[in-house]
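input.cif follows; it contains mmCIF, C-alpha atoms.
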data_work
#
loop_
_atom_site.label_atom_id
_atom_site.label_comp_id
_atom_site.auth_asym_id
_atom_site.auth_seq_id
_atom_site.Cartn_x
_atom_site.Cartn_y
_atom_site.Cartn_z
CA MET A 1 -32.09 -12.63 5.08
CA ALA A 2 -29.27 -15.00 4.21
CA GLY A 3 -31.80 -17.82 4.03
CA MET A 4 -33.89 -15.81 1.59
CA ARG A 5 -30.85 -15.29 -0.63
CA ASP A 6 -29.93 -18.98 -0.51
CA ASN A 7 -33.41 -20.27 -1.29
CA PRO A 8 -35.85 -17.62 -2.58
CA THR A 9 -38.37 -20.27 -3.63
CA SER A 10 -39.23 -21.31 -0.06
CA VAL A 11 -39.83 -17.93 1.59
CA ARG A 12 -43.08 -17.48 3.45
CA PHE A 13 -45.10 -14.42 2.44
CA ALA A 14 -45.40 -13.34 6.09
CA ASP A 15 -41.60 -13.35 6.45
CA LEU A 16 -41.10 -11.28 3.31
CA ASP A 17 -43.80 -8.89 4.49
CA LYS A 18 -41.90 -8.41 7.79
CA VAL A 19 -38.70 -7.58 5.90
CA CYS A 20 -40.54 -5.07 3.71
CA ARG A 21 -42.21 -3.40 6.69
CA HIS A 22 -38.87 -3.15 8.49
CA PHE A 23 -37.05 -1.49 5.59
CA PHE A 24 -39.85 0.36 3.77
CA GLY A 25 -42.56 0.99 6.39
CA GLU A 26 -46.24 0.30 6.06
CA PRO A 27 -47.51 -0.69 2.61
CA ARG A 28 -49.16 2.06 0.61
CA GLN A 29 -51.51 -0.55 -0.83
CA SER A 30 -52.55 -3.80 0.79
CA GLY A 31 -55.71 -4.90 -0.93
CA GLY A 32 -56.17 -8.55 -1.77
CA SER A 33 -53.09 -10.70 -2.17
CA HIS A 34 -50.75 -7.83 -3.11
CA ARG A 35 -48.82 -5.41 -0.92
CA VAL A 36 -47.03 -2.40 -2.39
CA TYR A 37 -44.26 -0.61 -0.49
CA ARG A 38 -42.76 2.79 -1.30
CA THR A 39 -38.99 3.10 -1.78
CA PRO A 40 -37.07 6.37 -1.29
CA TRP A 41 -35.51 6.67 -4.75
CA PRO A 42 -36.94 8.11 -7.99
CA GLY A 43 -37.92 6.03 -10.97
CA ASP A 44 -39.98 3.00 -10.06
CA PRO A 45 -40.34 3.75 -6.35
CA ARG A 46 -42.14 0.65 -5.20
CA VAL A 47 -41.73 -2.93 -4.10
CA ASN A 48 -44.65 -5.21 -4.89
CA ILE A 49 -45.11 -8.57 -3.16
CA GLN A 50 -47.84 -11.14 -3.64
CA ASP A 51 -49.19 -13.89 -1.40
CA ASP A 52 -49.21 -17.16 -3.33
CA HIS A 53 -50.93 -19.61 -0.96
CA GLY A 54 -48.75 -18.53 1.97
CA LYS A 55 -45.53 -18.38 -0.04
CA ALA A 56 -43.78 -15.42 -1.63
CA LYS A 57 -42.97 -15.53 -5.33
CA ALA A 58 -39.26 -16.16 -5.86
CA TYR A 59 -38.76 -13.30 -8.33
CA GLN A 60 -40.37 -10.90 -5.85
CA VAL A 61 -38.07 -12.15 -3.07
CA ARG A 62 -35.09 -11.34 -5.32
CA GLN A 63 -36.56 -7.88 -6.09
CA VAL A 64 -37.01 -7.13 -2.38
CA LEU A 65 -33.45 -8.23 -1.60
CA ALA A 66 -32.10 -6.03 -4.40
CA ALA A 67 -34.11 -3.06 -3.08
CA VAL A 68 -32.82 -3.65 0.46
CA ASP A 69 -29.24 -3.82 -0.88
CA LYS A 70 -29.75 -0.56 -2.76
CA LEU A 71 -31.23 1.08 0.32
CA GLN A 72 -28.28 0.00 2.46
CA GLU A 73 -25.78 1.25 -0.12
CA GLN A 74 -27.34 4.72 0.07
CA LYS A 75 -26.75 4.97 3.83
#
For the file at hand, write its structure as structure tokens.
Amino acid sequence: MAGMRDNPTSVRFADLDKVCRHFFGEPRQSGGSHRVYRTPWPGDPRVNIQDDHGKAKAYQVRQVLAAVDKLQEQK
């Protein structure tokens, strides 16, 4: 995940999907190019990632990393 933090613009969608599945489980929605994962806290309890020709969108990589950080802080 250090590589994702250093360069969020060159993350493959498949790699980001693996991180999301590891931390958040199976996606609750996976139709088309989007995958939506449930998070365990109230408010906006989801992480949304999108396949952009095999790459993940940089802002979504940063959102996933922030959600993982928040999840690890709660443990």
May I have the residues within 10 Å of Ala56 (chain A) as a list in words, using only C-alpha atoms and disregarding those fewer than 6 positions away in the same chain?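 The residues that qualify are Pro8, Thr9, Ser10, Val11, Arg12, Phe13, Ala14, Asp15, Leu16, Asp17, Ile49 and Gln50 of chain A.
For the pair CA of Asn7 (chain A) and CA of Pro45 (chain A), the separation is 25.5 Å.
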Run through the PyMOL selection byres ((chain A and resi 2) around 12) on the given coordinates and return the selected residues as a list in words.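 This file gives the following for the PyMOL selection byres ((chain A and resi 2) around 12): Met1, Gly3, Met4, Arg5, Asp6, Asn7, Pro8, Val11, Val61, Arg62 and Leu65 of chain A.
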Expected answer as a list of chain:residue names: all residues with atoms within 12 Å of (-28.9, 5.5, 4.2), all atoms listed in the file: A:Phe23, A:Thr39, A:Pro40, A:Trp41, A:Val68, A:Asp69, A:Lys70, A:Leu71, A:Gln72, A:Glu73, A:Gln74, A:Lys75
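Distances from A:Val64, A:Pro42, A:Tyr59, A:Asn48 to Arg28 (chain A) were compared using all atoms listed in the file, and the smallest one belongs to A:Asn48.
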Evaluated on this file, the PyMOL selection byres ((chain A and resi 29) around 12) picks out some residues - which ones are they, written as a ChimeraX atom specification? /A:25-28,30-38,46-50
Would you compute the box with edges along x, y and z of the file around region 43-54 of chain A, including every atom the file lists for it and 6 Å extra on each side, and give its centre and edge lengths in Å to one decimal, as lines of an AutoDock Vina configuration file?
center_x = -44.4
center_y = -6.8
center_z = -4.5
size_x = 25.0
size_y = 37.6
size_z = 24.9
Using the incomplete input, complete region 15-26 of chain A to the level of all heavy atoms; output as a PDB file, in the frame of the given file.
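Written out: selection_5.pdb:
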ATOM      1  N   ASP A  15     -42.985 -13.718   6.160  1.00  0.00           N
ATOM      2  CA  ASP A  15     -41.600 -13.350   6.450  1.00  0.00           C
ATOM      3  C   ASP A  15     -41.128 -12.230   5.522  1.00  0.00           C
ATOM      4  O   ASP A  15     -40.454 -11.292   5.962  1.00  0.00           O
ATOM      5  CB  ASP A  15     -40.676 -14.560   6.320  1.00  0.00           C
ATOM      6  CG  ASP A  15     -40.944 -15.603   7.398  1.00  0.00           C
ATOM      7  OD1 ASP A  15     -41.504 -15.250   8.458  1.00  0.00           O
ATOM      8  OD2 ASP A  15     -40.586 -16.779   7.169  1.00  0.00           O
ATOM      9  N   LEU A  16     -41.478 -12.326   4.253  1.00  0.00           N
ATOM     10  CA  LEU A  16     -41.100 -11.280   3.310  1.00  0.00           C
ATOM     11  C   LEU A  16     -41.807  -9.969   3.647  1.00  0.00           C
ATOM     12  O   LEU A  16     -41.214  -8.892   3.562  1.00  0.00           O
ATOM     13  CB  LEU A  16     -41.412 -11.706   1.873  1.00  0.00           C
ATOM     14  CG  LEU A  16     -40.875 -10.792   0.777  1.00  0.00           C
ATOM     15  CD1 LEU A  16     -39.345 -10.721   0.825  1.00  0.00           C
ATOM     16  CD2 LEU A  16     -41.337 -11.260  -0.585  1.00  0.00           C
ATOM     17  N   ASP A  17     -43.049 -10.069   4.078  1.00  0.00           N
ATOM     18  CA  ASP A  17     -43.800  -8.890   4.490  1.00  0.00           C
ATOM     19  C   ASP A  17     -43.112  -8.209   5.681  1.00  0.00           C
ATOM     20  O   ASP A  17     -42.995  -6.985   5.716  1.00  0.00           O
ATOM     21  CB  ASP A  17     -45.231  -9.293   4.852  1.00  0.00           C
ATOM     22  CG  ASP A  17     -46.097  -8.111   5.227  1.00  0.00           C
ATOM     23  OD1 ASP A  17     -46.129  -7.126   4.467  1.00  0.00           O
ATOM     24  OD2 ASP A  17     -46.744  -8.175   6.291  1.00  0.00           O
ATOM     25  N   LYS A  18     -42.616  -8.976   6.629  1.00  0.00           N
ATOM     26  CA  LYS A  18     -41.900  -8.410   7.790  1.00  0.00           C
ATOM     27  C   LYS A  18     -40.642  -7.670   7.354  1.00  0.00           C
ATOM     28  O   LYS A  18     -40.341  -6.584   7.857  1.00  0.00           O
ATOM     29  CB  LYS A  18     -41.535  -9.505   8.784  1.00  0.00           C
ATOM     30  CG  LYS A  18     -42.698 -10.022   9.573  1.00  0.00           C
ATOM     31  CD  LYS A  18     -42.260 -11.126  10.513  1.00  0.00           C
ATOM     32  CE  LYS A  18     -43.446 -11.809  11.132  1.00  0.00           C
ATOM     33  NZ  LYS A  18     -43.056 -12.956  11.962  1.00  0.00           N
ATOM     34  N   VAL A  19     -39.906  -8.238   6.414  1.00  0.00           N
ATOM     35  CA  VAL A  19     -38.700  -7.580   5.900  1.00  0.00           C
ATOM     36  C   VAL A  19     -39.072  -6.259   5.226  1.00  0.00           C
ATOM     37  O   VAL A  19     -38.437  -5.232   5.467  1.00  0.00           O
ATOM     38  CB  VAL A  19     -37.944  -8.516   4.917  1.00  0.00           C
ATOM     39  CG1 VAL A  19     -36.858  -7.761   4.172  1.00  0.00           C
ATOM     40  CG2 VAL A  19     -37.366  -9.709   5.658  1.00  0.00           C
ATOM     41  N   CYS A  20     -40.112  -6.288   4.404  1.00  0.00           N
ATOM     42  CA  CYS A  20     -40.540  -5.070   3.710  1.00  0.00           C
ATOM     43  C   CYS A  20     -40.986  -3.993   4.692  1.00  0.00           C
ATOM     44  O   CYS A  20     -40.626  -2.821   4.548  1.00  0.00           O
ATOM     45  CB  CYS A  20     -41.668  -5.380   2.734  1.00  0.00           C
ATOM     46  SG  CYS A  20     -41.141  -6.297   1.285  1.00  0.00           S
ATOM     47  N   ARG A  21     -41.743  -4.372   5.694  1.00  0.00           N
ATOM     48  CA  ARG A  21     -42.210  -3.400   6.690  1.00  0.00           C
ATOM     49  C   ARG A  21     -41.029  -2.809   7.455  1.00  0.00           C
ATOM     50  O   ARG A  21     -41.024  -1.624   7.768  1.00  0.00           O
ATOM     51  CB  ARG A  21     -43.201  -4.036   7.651  1.00  0.00           C
ATOM     52  CG  ARG A  21     -44.562  -4.273   7.037  1.00  0.00           C
ATOM     53  CD  ARG A  21     -45.500  -5.005   8.005  1.00  0.00           C
ATOM     54  NE  ARG A  21     -46.711  -5.402   7.341  1.00  0.00           N
ATOM     55  CZ  ARG A  21     -47.821  -4.665   7.299  1.00  0.00           C
ATOM     56  NH1 ARG A  21     -47.842  -3.490   7.874  1.00  0.00           N
ATOM     57  NH2 ARG A  21     -48.887  -5.105   6.671  1.00  0.00           N
ATOM     58  N   HIS A  22     -40.041  -3.627   7.759  1.00  0.00           N
ATOM     59  CA  HIS A  22     -38.870  -3.150   8.490  1.00  0.00           C
ATOM     60  C   HIS A  22     -38.099  -2.097   7.684  1.00  0.00           C
ATOM     61  O   HIS A  22     -37.713  -1.057   8.207  1.00  0.00           O
ATOM     62  CB  HIS A  22     -37.952  -4.315   8.844  1.00  0.00           C
ATOM     63  CG  HIS A  22     -36.672  -3.900   9.486  1.00  0.00           C
ATOM     64  ND1 HIS A  22     -36.603  -3.518  10.802  1.00  0.00           N
ATOM     65  CD2 HIS A  22     -35.419  -3.772   8.988  1.00  0.00           C
ATOM     66  CE1 HIS A  22     -35.353  -3.177  11.084  1.00  0.00           C
ATOM     67  NE2 HIS A  22     -34.623  -3.326  10.000  1.00  0.00           N
ATOM     68  N   PHE A  23     -37.872  -2.369   6.411  1.00  0.00           N
ATOM     69  CA  PHE A  23     -37.050  -1.490   5.590  1.00  0.00           C
ATOM     70  C   PHE A  23     -37.826  -0.370   4.903  1.00  0.00           C
ATOM     71  O   PHE A  23     -37.270   0.699   4.653  1.00  0.00           O
ATOM     72  CB  PHE A  23     -36.273  -2.292   4.541  1.00  0.00           C
ATOM     73  CG  PHE A  23     -35.142  -3.077   5.128  1.00  0.00           C
ATOM     74  CD1 PHE A  23     -35.274  -4.423   5.382  1.00  0.00           C
ATOM     75  CD2 PHE A  23     -33.941  -2.460   5.451  1.00  0.00           C
ATOM     76  CE1 PHE A  23     -34.233  -5.152   5.929  1.00  0.00           C
ATOM     77  CE2 PHE A  23     -32.893  -3.168   6.000  1.00  0.00           C
ATOM     78  CZ  PHE A  23     -33.046  -4.518   6.250  1.00  0.00           C
ATOM     79  N   PHE A  24     -39.099  -0.595   4.581  1.00  0.00           N
ATOM     80  CA  PHE A  24     -39.850   0.360   3.770  1.00  0.00           C
ATOM     81  C   PHE A  24     -41.080   0.942   4.468  1.00  0.00           C
ATOM     82  O   PHE A  24     -41.763   1.796   3.912  1.00  0.00           O
ATOM     83  CB  PHE A  24     -40.269  -0.272   2.445  1.00  0.00           C
ATOM     84  CG  PHE A  24     -39.115  -0.858   1.688  1.00  0.00           C
ATOM     85  CD1 PHE A  24     -39.014  -2.230   1.498  1.00  0.00           C
ATOM     86  CD2 PHE A  24     -38.113  -0.052   1.193  1.00  0.00           C
ATOM     87  CE1 PHE A  24     -37.942  -2.774   0.811  1.00  0.00           C
ATOM     88  CE2 PHE A  24     -37.029  -0.583   0.509  1.00  0.00           C
ATOM     89  CZ  PHE A  24     -36.948  -1.953   0.323  1.00  0.00           C
ATOM     90  N   GLY A  25     -41.403   0.484   5.669  1.00  0.00           N
ATOM     91  CA  GLY A  25     -42.560   0.990   6.390  1.00  0.00           C
ATOM     92  C   GLY A  25     -43.837   0.278   5.999  1.00  0.00           C
ATOM     93  O   GLY A  25     -43.819  -0.784   5.379  1.00  0.00           O
ATOM     94  N   GLU A  26     -44.932   0.889   6.360  1.00  0.00           N
ATOM     95  CA  GLU A  26     -46.240   0.300   6.060  1.00  0.00           C
ATOM     96  C   GLU A  26     -46.499   0.307   4.554  1.00  0.00           C
ATOM     97  O   GLU A  26     -46.069   1.231   3.854  1.00  0.00           O
ATOM     98  CB  GLU A  26     -47.345   1.087   6.770  1.00  0.00           C
ATOM     99  CG  GLU A  26     -47.334   0.912   8.274  1.00  0.00           C
ATOM    100  CD  GLU A  26     -47.582  -0.518   8.695  1.00  0.00           C
ATOM    101  OE1 GLU A  26     -48.539  -1.146   8.196  1.00  0.00           O
ATOM    102  OE2 GLU A  26     -46.807  -1.021   9.534  1.00  0.00           O
TER     103      GLU A  26
END
